[in-house]
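Quick look at coords.tsv (TSV, C-alpha atoms):
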chain	number	residue	atom	x	y	z
D	1	MET	CA	-14.62	118.62	39.50
D	2	ASN	CA	-13.03	119.74	42.77
D	3	SER	CA	-11.94	117.12	45.28
D	4	PRO	CA	-13.79	117.08	48.63
D	5	ARG	CA	-10.62	118.34	50.38
D	6	LEU	CA	-10.24	121.30	48.03
D	7	CYS	CA	-13.97	122.02	48.26
D	8	SER	CA	-13.76	122.14	52.07
D	9	ILE	CA	-10.91	124.64	51.94
D	10	TRP	CA	-12.79	126.71	49.37
D	11	LEU	CA	-15.98	126.48	51.43
D	12	SER	CA	-14.51	128.43	54.35
D	13	LEU	CA	-13.90	131.35	51.99
D	14	VAL	CA	-17.18	131.06	50.10
D	15	LEU	CA	-19.35	131.00	53.23
D	16	VAL	CA	-17.82	134.20	54.55
D	17	VAL	CA	-18.73	135.97	51.30
D	18	LEU	CA	-22.25	134.49	51.21
D	19	SER	CA	-23.04	135.29	54.85
D	20	GLN	CA	-21.89	138.89	54.44
D	21	ALA	CA	-23.92	139.28	51.23
D	22	ALA	CA	-27.16	137.74	52.56
D	23	LEU	CA	-28.42	141.06	53.94
D	24	ALA	CA	-26.39	143.39	51.71
D	25	ASP	CA	-29.37	144.32	49.55
D	26	LEU	CA	-32.86	142.99	50.12
D	27	TYR	CA	-33.86	144.41	46.74
D	28	THR	CA	-31.42	142.31	44.68
D	29	GLY	CA	-32.56	138.84	43.59
D	30	GLN	CA	-31.25	135.98	41.49
D	31	GLY	CA	-32.72	133.56	38.95
D	32	VAL	CA	-31.14	130.54	37.31
D	33	LEU	CA	-30.18	130.86	33.64
D	34	ASP	CA	-30.47	127.71	31.54
D	35	GLU	CA	-30.29	126.94	27.82
D	36	GLN	CA	-34.05	126.99	27.24
D	37	PRO	CA	-35.84	129.75	25.28
D	38	GLY	CA	-37.05	132.59	27.51
D	39	ALA	CA	-34.54	131.74	30.26
D	40	SER	CA	-33.67	135.40	30.87
D	41	ASP	CA	-37.32	136.41	31.36
D	42	ARG	CA	-37.95	133.50	33.76
D	43	ALA	CA	-34.81	134.35	35.71
D	44	LEU	CA	-35.96	137.96	35.99
D	45	MET	CA	-39.31	136.92	37.45
D	46	ASP	CA	-37.61	134.46	39.84
D	47	ALA	CA	-35.35	137.28	41.02
D	48	LEU	CA	-38.38	139.48	41.67
D	49	ASP	CA	-40.06	136.64	43.57
D	50	GLU	CA	-37.00	136.44	45.85
D	51	VAL	CA	-37.17	140.15	46.67
D	52	LEU	CA	-40.90	140.11	47.40
D	53	LEU	CA	-40.53	136.97	49.53
D	54	ARG	CA	-37.80	138.56	51.69
D	55	LEU	CA	-39.81	141.72	52.27
D	56	SER	CA	-43.19	140.12	52.96
D	57	GLY	CA	-42.36	136.69	54.38
D	58	ARG	CA	-45.05	135.17	52.16
D	59	ALA	CA	-43.76	131.84	50.85
D	60	GLU	CA	-46.99	130.06	49.95
D	61	ALA	CA	-47.44	131.68	46.50
D	62	PRO	CA	-45.64	134.31	44.39
D	63	LEU	CA	-46.70	137.72	45.70
D	64	ARG	CA	-46.13	139.33	42.29
D	65	VAL	CA	-49.38	137.75	41.07
D	66	GLU	CA	-51.34	139.54	43.81
D	67	LEU	CA	-49.48	142.78	43.01
D	68	GLY	CA	-50.27	142.44	39.29
D	69	LEU	CA	-46.60	142.42	38.27
D	70	GLY	CA	-46.20	140.78	34.88
D	71	LEU	CA	-43.03	140.67	32.82
D	72	ALA	CA	-43.46	144.18	31.40
D	73	GLU	CA	-44.04	145.68	34.87
D	74	ALA	CA	-41.11	143.73	36.32
D	75	GLN	CA	-38.76	145.01	33.62
D	76	ARG	CA	-39.69	148.59	34.50
D	77	LEU	CA	-38.63	147.94	38.10
D	78	VAL	CA	-35.09	146.88	37.10
D	79	GLN	CA	-32.23	149.21	38.00
D	80	ALA	CA	-29.32	146.92	37.08
D	81	ARG	CA	-28.66	143.34	36.05
D	82	GLN	CA	-25.66	141.10	35.53
D	83	ARG	CA	-24.74	137.46	35.09
D	84	VAL	CA	-23.06	135.80	38.06
D	85	ARG	CA	-21.70	132.33	38.81
D	86	VAL	CA	-22.69	130.80	42.14
D	87	PRO	CA	-21.24	127.67	43.82
D	88	VAL	CA	-23.87	124.95	44.29
D	89	PRO	CA	-23.65	121.31	45.46
D	90	VAL	CA	-23.57	118.61	42.79
D	91	VAL	CA	-26.64	116.39	43.25
D	92	ALA	CA	-26.80	112.70	42.30
D	93	GLU	CA	-29.79	111.00	40.63
D	94	ASP	CA	-31.23	110.08	44.05
D	95	GLY	CA	-31.39	113.77	44.99
D	96	LEU	CA	-28.54	113.58	47.49
D	97	PRO	CA	-25.35	115.68	47.23
D	98	THR	CA	-22.19	113.98	46.00
D	99	GLY	CA	-19.87	116.14	48.11
D	100	GLU	CA	-18.62	118.10	45.12
D	101	VAL	CA	-19.37	121.65	43.96
D	102	GLU	CA	-20.08	123.20	40.58
D	103	GLU	CA	-20.87	126.71	39.40
D	104	GLN	CA	-24.38	127.71	38.37
D	105	LEU	CA	-25.04	130.62	36.00
D	106	ARG	CA	-27.63	133.09	37.30
D	107	LEU	CA	-29.11	136.45	36.43
D	108	GLN	CA	-28.67	138.88	39.33
D	109	VAL	CA	-31.14	141.77	39.27
D	110	GLN	CA	-31.27	144.93	41.36
D	111	PHE	CA	-34.79	146.36	41.63
D	112	ASP	CA	-35.97	149.89	42.38
D	113	ARG	CA	-36.45	150.02	46.14
D	114	ALA	CA	-38.85	152.98	46.18
D	115	ALA	CA	-41.01	151.48	43.44
D	116	ILE	CA	-41.17	148.08	45.16
D	117	ASP	CA	-42.08	149.70	48.49
D	118	ALA	CA	-44.79	151.76	46.77
D	119	ARG	CA	-46.30	148.61	45.23
D	120	LEU	CA	-46.38	146.86	48.61
D	121	ALA	CA	-47.86	149.92	50.33
D	122	ALA	CA	-50.57	150.32	47.68
D	123	ALA	CA	-51.58	146.67	48.15
D	124	GLY	CA	-51.54	146.99	51.95
D	125	VAL	CA	-48.78	144.39	52.30
D	126	PRO	CA	-46.65	144.85	55.45
D	127	ARG	CA	-42.91	145.08	54.73
D	128	TRP	CA	-39.99	143.82	56.83
D	129	GLY	CA	-36.94	146.09	56.61
D	130	ARG	CA	-33.26	145.29	56.83
D	131	GLU	CA	-33.09	145.24	60.65
D	132	ARG	CA	-33.13	141.49	61.21
D	133	PRO	CA	-31.99	139.29	64.11
D	134	THR	CA	-28.81	137.25	63.82
D	135	ILE	CA	-29.84	133.58	64.00
D	136	LEU	CA	-27.41	131.10	65.55
D	137	LEU	CA	-28.26	127.78	63.88
D	138	TRP	CA	-27.22	124.38	65.28
D	139	VAL	CA	-27.62	121.27	63.10
D	140	ALA	CA	-27.61	117.58	64.09
D	141	MET	CA	-27.94	114.75	61.60
D	142	GLU	CA	-28.71	111.04	61.91
D	143	ASP	CA	-28.19	108.60	59.02
D	144	GLU	CA	-26.42	105.30	58.40
D	145	ALA	CA	-23.28	106.74	60.02
D	146	GLY	CA	-25.11	107.54	63.26
D	147	ALA	CA	-26.13	110.76	65.01
D	148	ARG	CA	-23.69	113.69	65.07
D	149	MET	CA	-23.39	117.46	65.09
D	150	LEU	CA	-22.73	119.10	61.72
D	151	SER	CA	-20.59	122.22	61.40
D	152	SER	CA	-18.65	121.96	58.12
D	153	GLU	CA	-20.48	119.55	55.81
D	154	LEU	CA	-20.00	121.03	52.36
D	155	ALA	CA	-23.40	120.56	50.71
D	156	LEU	CA	-25.38	121.37	53.83
D	157	GLU	CA	-23.52	124.63	54.48
D	158	LEU	CA	-23.97	125.80	50.90
D	159	ARG	CA	-27.69	124.99	51.03
D	160	ILE	CA	-28.16	126.89	54.29
D	161	GLN	CA	-26.27	129.95	53.09
D	162	GLU	CA	-28.10	129.92	49.73
D	163	GLN	CA	-31.45	129.95	51.52
D	164	ALA	CA	-30.20	132.67	53.87
D	165	ARG	CA	-29.41	134.80	50.80
D	166	ARG	CA	-32.70	133.95	49.10
D	167	LEU	CA	-34.80	134.70	52.19
D	168	GLY	CA	-32.80	137.62	53.59
D	169	LEU	CA	-32.05	135.83	56.87
D	170	ASP	CA	-28.90	136.58	58.87
D	171	ILE	CA	-27.81	133.04	59.73
D	172	LEU	CA	-24.66	132.32	61.70
D	173	ARG	CA	-23.30	128.80	62.08
D	174	PRO	CA	-21.26	127.84	65.18
D	175	LEU	CA	-17.62	126.86	64.69
D	176	GLY	CA	-18.16	123.42	66.20
D	177	ASP	CA	-15.12	123.76	68.47
D	178	GLY	CA	-14.67	122.21	71.90
D	179	LEU	CA	-16.52	124.99	73.68
D	180	ASP	CA	-19.52	124.67	71.34
D	181	LEU	CA	-19.69	120.91	71.72
D	182	ALA	CA	-19.42	121.17	75.50
D	183	GLU	CA	-22.45	123.45	75.62
D	184	VAL	CA	-24.73	122.06	72.89
D	185	ALA	CA	-24.92	118.31	72.29
D	186	VAL	CA	-26.72	116.18	69.71
D	187	ALA	CA	-29.41	115.39	72.29
D	188	ASP	CA	-30.07	119.11	72.77
D	189	VAL	CA	-30.68	119.64	69.06
D	190	ARG	CA	-32.80	116.52	68.70
D	191	GLY	CA	-34.94	117.60	71.65
D	192	GLY	CA	-35.09	121.25	70.67
D	193	PHE	CA	-33.58	122.32	73.99
D	194	LEU	CA	-32.87	125.92	73.01
D	195	ASP	CA	-31.75	126.92	76.51
D	196	ALA	CA	-28.49	125.06	75.88
D	197	SER	CA	-27.64	127.68	73.26
D	198	GLU	CA	-27.94	130.71	75.56
D	199	PRO	CA	-24.22	131.01	76.46
D	200	ALA	CA	-23.28	130.72	72.77
D	201	LEU	CA	-25.68	133.55	71.84
D	202	VAL	CA	-23.58	135.89	73.96
D	203	ARG	CA	-20.29	134.53	72.61
D	204	TYR	CA	-21.38	134.79	68.96
D	205	GLN	CA	-23.30	138.06	69.52
D	206	ALA	CA	-26.46	136.50	68.08
D	207	SER	CA	-30.02	137.26	69.16
D	208	LEU	CA	-32.08	134.24	68.15
D	209	PRO	CA	-31.30	130.52	68.75
D	210	ALA	CA	-32.39	127.91	66.21
D	211	MET	CA	-31.90	124.16	65.87
D	212	PHE	CA	-32.36	121.75	62.96
D	213	ASP	CA	-32.73	118.03	63.68
D	214	LEU	CA	-32.21	116.14	60.41
D	215	ARG	CA	-32.87	112.38	60.28
D	216	ARG	CA	-32.92	109.80	57.52
D	217	THR	CA	-35.92	107.45	57.54
D	218	GLU	CA	-36.88	104.35	55.58
D	219	THR	CA	-38.85	106.43	53.10
D	220	GLY	CA	-36.89	109.69	52.96
D	221	TRP	CA	-35.89	112.43	55.39
D	222	ASN	CA	-37.45	114.03	58.44
D	223	GLY	CA	-36.52	117.51	59.62
D	224	ARG	CA	-37.57	119.24	62.84
D	225	TRP	CA	-36.89	122.94	63.24
D	226	PHE	CA	-36.90	124.81	66.55
D	227	TRP	CA	-36.38	128.53	67.22
D	228	ARG	CA	-37.14	131.04	69.97
D	229	GLN	CA	-38.93	134.28	69.19
D	230	ASP	CA	-39.89	136.90	71.80
D	231	GLY	CA	-39.25	134.34	74.53
D	232	ARG	CA	-41.59	131.76	73.00
D	233	ASP	CA	-40.41	128.51	71.40
D	234	GLN	CA	-41.58	127.81	67.85
D	235	SER	CA	-41.22	124.57	65.88
D	236	VAL	CA	-42.15	122.87	62.62
D	237	ASN	CA	-41.90	119.19	61.64
D	238	LEU	CA	-41.34	118.36	57.95
D	239	VAL	CA	-40.80	115.34	55.71
D	240	ALA	CA	-39.21	115.30	52.25
D	241	ASP	CA	-37.25	113.17	49.80
D	242	ALA	CA	-34.00	115.13	50.28
D	243	PRO	CA	-32.43	117.42	52.92
D	244	ALA	CA	-32.37	120.42	50.56
D	245	GLU	CA	-36.18	120.64	50.62
D	246	LEU	CA	-36.24	120.44	54.42
D	247	ILE	CA	-33.75	123.30	54.66
D	248	GLN	CA	-35.75	125.47	52.27
D	249	ARG	CA	-39.16	124.82	53.83
D	250	GLY	CA	-37.89	125.10	57.39
D	251	LEU	CA	-36.21	128.45	56.83
D	252	GLU	CA	-39.25	129.70	54.90
D	253	ALA	CA	-41.37	128.86	57.96
D	254	MET	CA	-38.95	130.78	60.16
D	255	LEU	CA	-39.01	133.76	57.78
D	256	SER	CA	-42.83	133.80	57.75
D	257	SER	CA	-42.95	133.73	61.56
D	258	LEU	CA	-40.40	136.54	61.92
D	259	ALA	CA	-41.99	138.67	59.20
D	260	GLU	CA	-45.38	138.33	60.86
D	261	ARG	CA	-43.76	139.76	64.00
D	262	TYR	CA	-41.58	142.52	62.51
D	263	ALA	CA	-43.15	143.57	59.19
D	264	VAL	CA	-45.04	146.88	59.33
D	265	SER	CA	-47.38	148.73	57.01
D	266	SER	CA	-46.35	152.06	55.54
D	267	GLU	CA	-49.15	153.84	57.42
D	268	ALA	CA	-48.13	152.57	60.86
D	269	ALA	CA	-46.51	155.27	63.01
D	270	SER	CA	-45.19	157.26	60.08
D	271	GLY	CA	-44.39	160.92	60.71
D	272	GLN	CA	-42.00	162.59	63.17
D	273	ARG	CA	-40.37	160.99	66.23
D	274	ARG	CA	-38.05	162.56	68.79
D	275	VAL	CA	-35.16	160.52	70.21
D	276	ARG	CA	-32.66	161.52	72.87
D	277	VAL	CA	-29.23	159.87	72.72
D	278	SER	CA	-26.52	159.88	75.39
D	279	PRO	CA	-23.67	159.88	76.11
D	280	ILE	CA	-22.17	161.39	72.94
D	281	ARG	CA	-18.79	162.75	73.97
D	282	ASP	CA	-17.00	163.60	70.71
D	283	GLN	CA	-17.42	164.11	66.99
D	284	VAL	CA	-16.58	160.48	66.21
D	285	GLN	CA	-19.42	159.20	68.38
D	286	PHE	CA	-21.78	161.82	66.96
D	287	ALA	CA	-20.98	160.77	63.38
D	288	GLU	CA	-21.42	157.11	64.33
D	289	VAL	CA	-24.86	157.72	65.90
D	290	LEU	CA	-26.00	159.91	63.01
D	291	ARG	CA	-24.98	157.28	60.46
D	292	TYR	CA	-26.73	154.53	62.45
D	293	LEU	CA	-30.00	156.47	62.65
D	294	GLU	CA	-29.90	157.44	58.97
D	295	ASN	CA	-29.41	153.80	57.96
D	296	LEU	CA	-32.50	152.49	59.78
D	297	SER	CA	-34.90	151.29	57.10
D	298	MET	CA	-37.91	153.29	58.36
D	299	VAL	CA	-35.96	156.57	58.76
D	300	GLU	CA	-36.21	158.99	55.84
D	301	ALA	CA	-34.38	161.96	57.41
D	302	VAL	CA	-32.57	162.92	60.63
D	303	ARG	CA	-32.29	166.41	62.11
D	304	VAL	CA	-30.49	167.57	65.27
D	305	SER	CA	-33.02	169.50	67.38
D	306	SER	CA	-30.92	170.26	70.48
D	307	ALA	CA	-27.67	169.45	72.28
D	308	ARG	CA	-26.88	169.68	76.00
D	309	GLY	CA	-23.53	168.39	77.16
D	310	ALA	CA	-23.24	164.69	76.23
D	311	GLU	CA	-26.96	164.50	75.36
D	312	ILE	CA	-28.25	165.17	71.84
D	313	GLU	CA	-31.85	165.17	70.65
D	314	PHE	CA	-32.68	164.11	67.09
D	315	GLU	CA	-35.90	164.46	65.16
D	316	LEU	CA	-36.56	161.49	62.88
D	317	SER	CA	-38.83	161.53	59.84
D	318	LEU	CA	-40.32	158.03	59.60
D	319	SER	CA	-41.81	156.32	56.56
D	320	SER	CA	-43.36	153.55	58.67
D	321	GLY	CA	-43.51	152.08	62.14
D	322	GLY	CA	-41.20	149.49	63.66
D	323	LEU	CA	-38.61	151.87	65.11
D	324	GLU	CA	-38.66	150.34	68.59
D	325	ASP	CA	-38.47	146.81	67.18
D	326	ALA	CA	-35.49	147.75	64.98
D	327	LEU	CA	-33.67	149.25	67.94
D	328	ALA	CA	-34.53	146.29	70.19
D	329	LEU	CA	-32.87	143.87	67.76
D	330	GLY	CA	-29.56	145.26	68.94
D	331	GLY	CA	-26.84	147.45	67.56
D	332	LEU	CA	-25.24	150.72	68.46
D	333	LEU	CA	-28.11	152.15	70.55
D	334	GLN	CA	-29.97	150.59	73.46
D	335	LEU	CA	-33.59	151.42	74.30
D	336	GLY	CA	-34.32	153.23	77.54
D	337	PRO	CA	-37.64	154.34	79.08
D	338	ALA	CA	-40.10	156.18	76.84
D	339	LEU	CA	-40.18	159.94	77.21
D	340	PRO	CA	-43.38	161.66	78.43
D	341	ASP	CA	-44.15	163.03	74.95
D	342	GLY	CA	-43.78	159.60	73.31
D	343	GLY	CA	-40.16	160.09	72.28
D	344	LEU	CA	-37.43	157.56	72.94
D	345	ASP	CA	-34.50	157.68	75.33
D	346	LEU	CA	-31.52	155.88	73.76
D	347	TYR	CA	-28.15	155.01	75.20
D	348	LEU	CA	-24.98	154.67	73.20
D	349	ASP	CA	-23.59	151.16	73.65
D	350	GLN	CA	-20.10	151.83	74.99

As structure tokens, how would this structure be written, given the file I've shared?
Amino acid sequence: MNSPRLCSIWLSLVLVVLSQAALADLYTGQGVLDEQPGASDRALMDALDEVLLRLSGRAEAPLRVELGLGLAEAQRLVQARQRVRVPVPVVAEDGLPTGEVEEQLRLQVQFDRAAIDARLAAAGVPRWGRERPTILLWVAMEDEAGARMLSSELALELRIQEQARRLGLDILRPLGDGLDLAEVAVADVRGGFLDASEPALVRYQASLPAMFDLRRTETGWNGRWFWRQDGRDQSVNLVADAPAELIQRGLEAMLSSLAERYAVSSEAASGQRRVRVSPIRDQVQFAEVLRYLENLSMVEAVRVSSARGAEIEFELSLSSGGLEDALALGGLLQLGPALPDGGLDLYLDQ
């Protein structure tokens, strides 16, 4: 086993990889491989459940049952698979982490994006694309050692990043330096005072503040989650035997809330949409804008319709709605006033 010191050093490298991979491919899932018969088939179905959960935000029951996806159908959706080893916290008999890390063998499966989208569309299930807000998550914990802010606790960080990968959430953890601690205190997290996080949102270039108040009780653990969505504060209060369950259920609640807001049906606002982008002053900026538009999840094709000076008009072929929401989440282009014909005026973020 690794010592806690070595694990902490390793953690700083592992978390960078995990956070970058969380949104890399919403259509790639993982399932644990064990020594029991049929482990590969179970892992395949678990991987599919992850993908459908990310896209729909439905955590209450496996969506594949509603879609009629059995093992044979799931296997036909597979594009690639491989075995991977993933760092996970070692858990003691009481369900609490020991502070050490071990590797877990998993089956990683890449599914056919077009086929998955077609299944969701046929069932009328709204789908949330890859444009997702960056969530700045603050965590405070109270146990026998007292109340404190957490920024580098090994097991907790691995659990959060694992759930971020599983749910397709872009979660950013603050460094916990002097500036962070001067702005956001334990009392802020325990009270769900999200306003305290506003300066840090700008510094970390995040768009959504969230707080997790974790407390040990006489009978187990209590976890209160707070986040702000469209200017409105949301919260959920949970109890469980171990912190890992509170992390999973709290982030699932956040995913469901965000998916309800941003997921769109395939029929909504599909078709053509004109956008006008300015200022585009050289070929580098033009290539950057074109690549950005082409990579939006609801955009199937991009065509230049006209160019006048530093202003270029594009015609977008859309597979679904949600274009304005995707642009409003931030990125290269900023939304301006709507054009008279329903098009969009966009400004290149200089």

* To do: Could you check how far CA of Glu142 (chain D) sits from CA of Leu238 (chain D), in Å to one decimal?
  => 15.1 Å

* Using all atoms listed in the file, which residues sit within 10 Å of Arg261 (chain D) once same-chain residues fewer than 5 positions away are excluded, as a PyMOL selection string? -> chain D and resi 128+229-230+255-256+325

* To do: Find the distance between CA of Leu69 (chain D) and CA of Arg119 (chain D) and write it in Å to one decimal.
  => 9.3 Å

* Structure fact -> Atom pair CA of Arg166 (chain D) + CA of Gly57 (chain D), distance 11.3 Å

Show me, as JSON lines, the residues of region 58-176 of chain D having an atom within 12 Å of region 280-299 of chain D, each with the closest atom pair and its distance in Å, using all atoms listed in the file.
{"residue": "D:Arg113", "atom": "CA", "partner": "D:Ser297", "partner_atom": "CA", "distance": 11.1}
{"residue": "D:Ala114", "atom": "CA", "partner": "D:Ser297", "partner_atom": "CA", "distance": 11.7}
{"residue": "D:Asp117", "atom": "CA", "partner": "D:Met298", "partner_atom": "CA", "distance": 11.3}
{"residue": "D:Arg127", "atom": "CA", "partner": "D:Met298", "partner_atom": "CA", "distance": 10.3}
{"residue": "D:Trp128", "atom": "CA", "partner": "D:Ser297", "partner_atom": "CA", "distance": 9.0}
{"residue": "D:Gly129", "atom": "CA", "partner": "D:Ser297", "partner_atom": "CA", "distance": 5.6}
{"residue": "D:Arg130", "atom": "CA", "partner": "D:Ser297", "partner_atom": "CA", "distance": 6.2}
{"residue": "D:Glu131", "atom": "CA", "partner": "D:Ser297", "partner_atom": "CA", "distance": 7.2}
{"residue": "D:Arg132", "atom": "CA", "partner": "D:Ser297", "partner_atom": "CA", "distance": 10.8}

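With all atoms listed in the file as the atoms that count, the residue of D:Arg106, D:Arg232, D:Arg273, D:Arg148 with the shortest distance to Glu300 (chain D) is D:Arg273.
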
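Within a radius of 8 Å around (-37.9, 138.9, 51.5), the polymer residues are Leu26, Glu50, Val51, Leu52, Leu53, Arg54, Leu55, Ser56, Gly57, Trp128, Arg166, Leu167 and Gly168 of chain D, counting all atoms listed in the file.
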
* Compile the contact shell of Gln110 (chain D) as number ranges by chain: residues with an atom at most 8 Å away, counting all atoms listed in the file, same-chain residues fewer than 6 positions apart removed. => D: 27-29, 78-81

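In terms of minimum interatomic distance to Trp225 (chain D), D:Phe193 ranks closest within D:Glu313, D:Phe193, D:Ala200, D:Arg274, counting all atoms listed in the file.
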
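Every protein, DNA or RNA residue with an atom at most 8 Å from Val189 (chain D), where all atoms listed in the file count and chain neighbours fewer than 3 positions away do not, is listed here: Trp138, Val139, Ala140, Val184, Ala185, Val186, Gly192, Phe193, Leu194, Met211, Phe212 and Asp213 of chain D.
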
* To do: Show which residues sit within 9 Å of Leu71 (chain D), as a PyMOL selection string. Count all atoms listed in the file, and ignore same-chain residues fewer than 6 positions away.
  => chain D and resi 41-42+44-45

Would you export the selected residues with C-alpha atoms as an mmCIF file, keeping the file's coordinate frame, please?
data_model
loop_
_atom_site.group_PDB
_atom_site.id
_atom_site.type_symbol
_atom_site.label_atom_id
_atom_site.label_comp_id
_atom_site.auth_asym_id
_atom_site.auth_seq_id
_atom_site.Cartn_x
_atom_site.Cartn_y
_atom_site.Cartn_z
ATOM 1 C CA ASP D 41 -37.320 136.410 31.360
ATOM 2 C CA ARG D 42 -37.950 133.500 33.760
ATOM 3 C CA LEU D 44 -35.960 137.960 35.990
ATOM 4 C CA MET D 45 -39.310 136.920 37.450
#

* Please provide the set of residues having any atom within 12 Å of region 242-250 of chain D, restricted to only C-alpha atoms, with same-chain residues fewer than 4 positions apart removed, written as number ranges by chain. => D: 59-60, 88-97, 137, 139, 141-143, 155-167, 169, 210-217, 219-227, 234-238, 254-257

* Counting all atoms listed in the file, the residue of D:Ala206, D:Val239, D:Val84, D:Leu333 that sits nearest Asp349 (chain D) -> D:Leu333

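Comparing the minimum interatomic distances between Gly231 (chain D) and each of D:Leu136, D:Ala39, D:Val65, D:Leu208, counting all atoms listed in the file, we find that D:Leu208 sits nearest.
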
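Counting all atoms listed in the file and comparing D:Ser319, D:Leu105, D:Gln36, D:Leu154, the residue that lies closest to Ala118 (chain D) is D:Ser319.
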
Can I get a file of region 69-115 of chain D from the given structure, C-alpha atoms kept, as a PDB file, in the first residue's frame?
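Below is the file that was written, result.pdb:
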ATOM      1  CA  LEU D  69     -31.836  -1.969 -23.939  1.00  0.00           C
ATOM      2  CA  GLY D  70     -30.910  -5.490 -22.887  1.00  0.00           C
ATOM      3  CA  LEU D  71     -27.476  -7.047 -23.100  1.00  0.00           C
ATOM      4  CA  ALA D  72     -27.747  -7.902 -26.802  1.00  0.00           C
ATOM      5  CA  GLU D  73     -28.851  -4.363 -27.705  1.00  0.00           C
ATOM      6  CA  ALA D  74     -26.137  -2.831 -25.517  1.00  0.00           C
ATOM      7  CA  GLN D  75     -23.444  -4.905 -27.205  1.00  0.00           C
ATOM      8  CA  ARG D  76     -24.551  -3.593 -30.597  1.00  0.00           C
ATOM      9  CA  LEU D  77     -24.021  -0.035 -29.343  1.00  0.00           C
ATOM     10  CA  VAL D  78     -20.354  -0.657 -28.441  1.00  0.00           C
ATOM     11  CA  GLN D  79     -17.691   1.031 -30.558  1.00  0.00           C
ATOM     12  CA  ALA D  80     -14.639   0.181 -28.435  1.00  0.00           C
ATOM     13  CA  ARG D  81     -13.784  -1.321 -25.067  1.00  0.00           C
ATOM     14  CA  GLN D  82     -10.703  -1.762 -22.928  1.00  0.00           C
ATOM     15  CA  ARG D  83      -9.669  -2.655 -19.402  1.00  0.00           C
ATOM     16  CA  VAL D  84      -8.410   0.208 -17.248  1.00  0.00           C
ATOM     17  CA  ARG D  85      -7.124   0.568 -13.698  1.00  0.00           C
ATOM     18  CA  VAL D  86      -8.565   3.406 -11.641  1.00  0.00           C
ATOM     19  CA  PRO D  87      -7.326   4.739  -8.257  1.00  0.00           C
ATOM     20  CA  VAL D  88      -9.957   4.352  -5.517  1.00  0.00           C
ATOM     21  CA  PRO D  89      -9.845   4.918  -1.738  1.00  0.00           C
ATOM     22  CA  VAL D  90      -9.331   1.881   0.485  1.00  0.00           C
ATOM     23  CA  VAL D  91     -12.400   1.506   2.720  1.00  0.00           C
ATOM     24  CA  ALA D  92     -12.359  -0.063   6.195  1.00  0.00           C
ATOM     25  CA  GLU D  93     -15.035  -2.421   7.570  1.00  0.00           C
ATOM     26  CA  ASP D  94     -16.954   0.545   9.039  1.00  0.00           C
ATOM     27  CA  GLY D  95     -17.304   2.055   5.557  1.00  0.00           C
ATOM     28  CA  LEU D  96     -14.853   4.888   6.187  1.00  0.00           C
ATOM     29  CA  PRO D  97     -11.694   5.459   4.099  1.00  0.00           C
ATOM     30  CA  THR D  98      -8.361   4.438   5.600  1.00  0.00           C
ATOM     31  CA  GLY D  99      -6.416   7.203   3.838  1.00  0.00           C
ATOM     32  CA  GLU D 100      -4.771   4.793   1.420  1.00  0.00           C
ATOM     33  CA  VAL D 101      -5.397   4.146  -2.287  1.00  0.00           C
ATOM     34  CA  GLU D 102      -5.635   1.003  -4.379  1.00  0.00           C
ATOM     35  CA  GLU D 103      -6.299   0.320  -8.047  1.00  0.00           C
ATOM     36  CA  GLN D 104      -9.633  -1.033  -9.235  1.00  0.00           C
ATOM     37  CA  LEU D 105      -9.982  -2.954 -12.506  1.00  0.00           C
ATOM     38  CA  ARG D 106     -12.778  -1.658 -14.745  1.00  0.00           C
ATOM     39  CA  LEU D 107     -14.170  -2.164 -18.214  1.00  0.00           C
ATOM     40  CA  GLN D 108     -14.202   1.125 -20.126  1.00  0.00           C
ATOM     41  CA  VAL D 109     -16.685   1.183 -23.006  1.00  0.00           C
ATOM     42  CA  GLN D 110     -17.169   3.729 -25.769  1.00  0.00           C
ATOM     43  CA  PHE D 111     -20.717   3.711 -27.162  1.00  0.00           C
ATOM     44  CA  ASP D 112     -22.050   4.855 -30.527  1.00  0.00           C
ATOM     45  CA  ARG D 113     -23.082   8.471 -30.031  1.00  0.00           C
ATOM     46  CA  ALA D 114     -25.506   8.650 -32.966  1.00  0.00           C
ATOM     47  CA  ALA D 115     -27.212   5.410 -31.959  1.00  0.00           C
TER      48      ALA D 115
END
